[in-house]
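Working notes, structure below.
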Amino acid sequence: MFEQIYETLKVLATYDQQIQQFGQIEGYLHTAEGAALSVLAISGPGSGEVVEIGSFKGRSTCFLSWGAAQARRGKVTAIDHFCGSPQMQRGAAFEDPAIVQMGSTRSAFDANLQAAGLIDQVEVMDMPAEQAAENWQKPIRLLFIDGDHSYDSTKRDFELFSPHVVPDGVICFHDYGTQSWPGVTRFVNELVAQGLWKHRFTMYSLFAVSRDPN
């Protein structure tokens with residue numbers, strides 16, 4: 001218990017440094033949400049992999065992989081086809097120049113991880129989540145779902161990878177409770193209402209659940 005407290009304090013003590021390093025990376029993750037992911041990567045319960053679905057340009061990947069590296073708890077697996085969600089395409093609400101011009105954010109992702117000194121702490125699966133799930137066999141202790149934010153895609157990503165989450169593992173959904181992404185909120189509310197997964201905490205739009213042991 002005390003070790004977890006000390007590890008959490010370690011994150012807080014370096015919070016300004018994390019903001020300076022990772023907060024400059026383009027993305028939609030609040031730095032406080034990033035710090036929460038770092039804490040979970042360092043001292044979250046369970047044993048297994050840290051898996052991220054939806055990496056964009058590496059902002060959340062840096063928070064996760066920094067935390068895992070601090071605790072020497074392995075690498076982070078980043079799953080993304082890097083072609084952007086429908087909302088990031090030309091003319092869409094969140095049009096992204098890199099996607100419009102180059103069709104991918106992979107080069108920006110690699111450059112940001114390299115600049116942060118974390119490129120070797122990440123295993124990249126440059127493919128859709130469905131393809132990544134086909135041969136996935138490893139236990140997962142922390143799953144971060146931040147891909148296509150539609151209801152169907154959020155549900156699909158959960159159904160693909162939640163069976164691999166260990167009994168005391170944690171799943172975090174991003175963009176819960178936002179007007180822009182009602183599909184995430186709808187799915188998460190339905191999930192918690194079923195009673196098998198329990199809400200653990202909310203940090204801005206980061207919503208964390210784990211299996212209810214009762």
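Naming works like this for the structure tokens: A, B, ... for the chains as they're shown, residue 1 at the start of each chain, ligands 1 onward in shown order.
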Filtered DSSP result for stretch 40-200 of chain A, state helix (DSSP H, G or I), as a PyMOL selection string: chain A and resi 40-43+59-70+86-88+97-102+106-115+119-121+129-133+151-164+182-194
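By only C-alpha atoms, and with residues fewer than 2 positions from A:Arg141 along its chain excluded, the set lying at most 10 Å from it is Leu40, Ala41, Gly44, Pro45, Gly46, Ser47, Gly48, Glu49, Val50, Val51, Lys138, Pro139, Leu143, His164, Val165, Val166, Pro167, Asp168, Gly169, Val170 and Ile171 of chain A.
Of the residues listed (A:Glu3, A:Asp120, A:Asp157, A:Asp126), A:Asp126 shows the shortest atom-to-atom separation from A:Thr105; distances use only C-alpha atoms.
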Minimum-distance residue to A:Val39, chosen among A:Glu7, A:Asp110, A:Asp175, A:Glu190 (using only C-alpha atoms): A:Glu7
DSSP strand (DSSP E or B) selection over stretch 56-174 of chain A, as JSON, numbers by chain: {"A": [76, 77, 78, 79, 122, 123, 124, 125, 140, 141, 142, 143, 144, 145, 165, 166, 167, 168, 169, 170, 171, 172, 173]}
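Counting only C-alpha atoms and comparing A:Gln179, A:Ser85, A:Gln137, A:Gln121, the residue that lies closest to A:Leu64 is A:Gln121.
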Contacts of stretch 86-90 of chain A within 12 Å, only C-alpha atoms, excl. fewer than 4 positions in-chain, as JSON, numbers by chain: {"A": [27, 56, 82, 94, 95, 96, 97, 98, 99, 100, 101, 102, 103, 104, 105, 147, 148, 149, 150, 153, 180, 181]}
Among listed residues A:Thr8, A:Phe144, A:Asn112, A:Gln18, nearest A:Glu52 (using only C-alpha atoms): A:Phe144
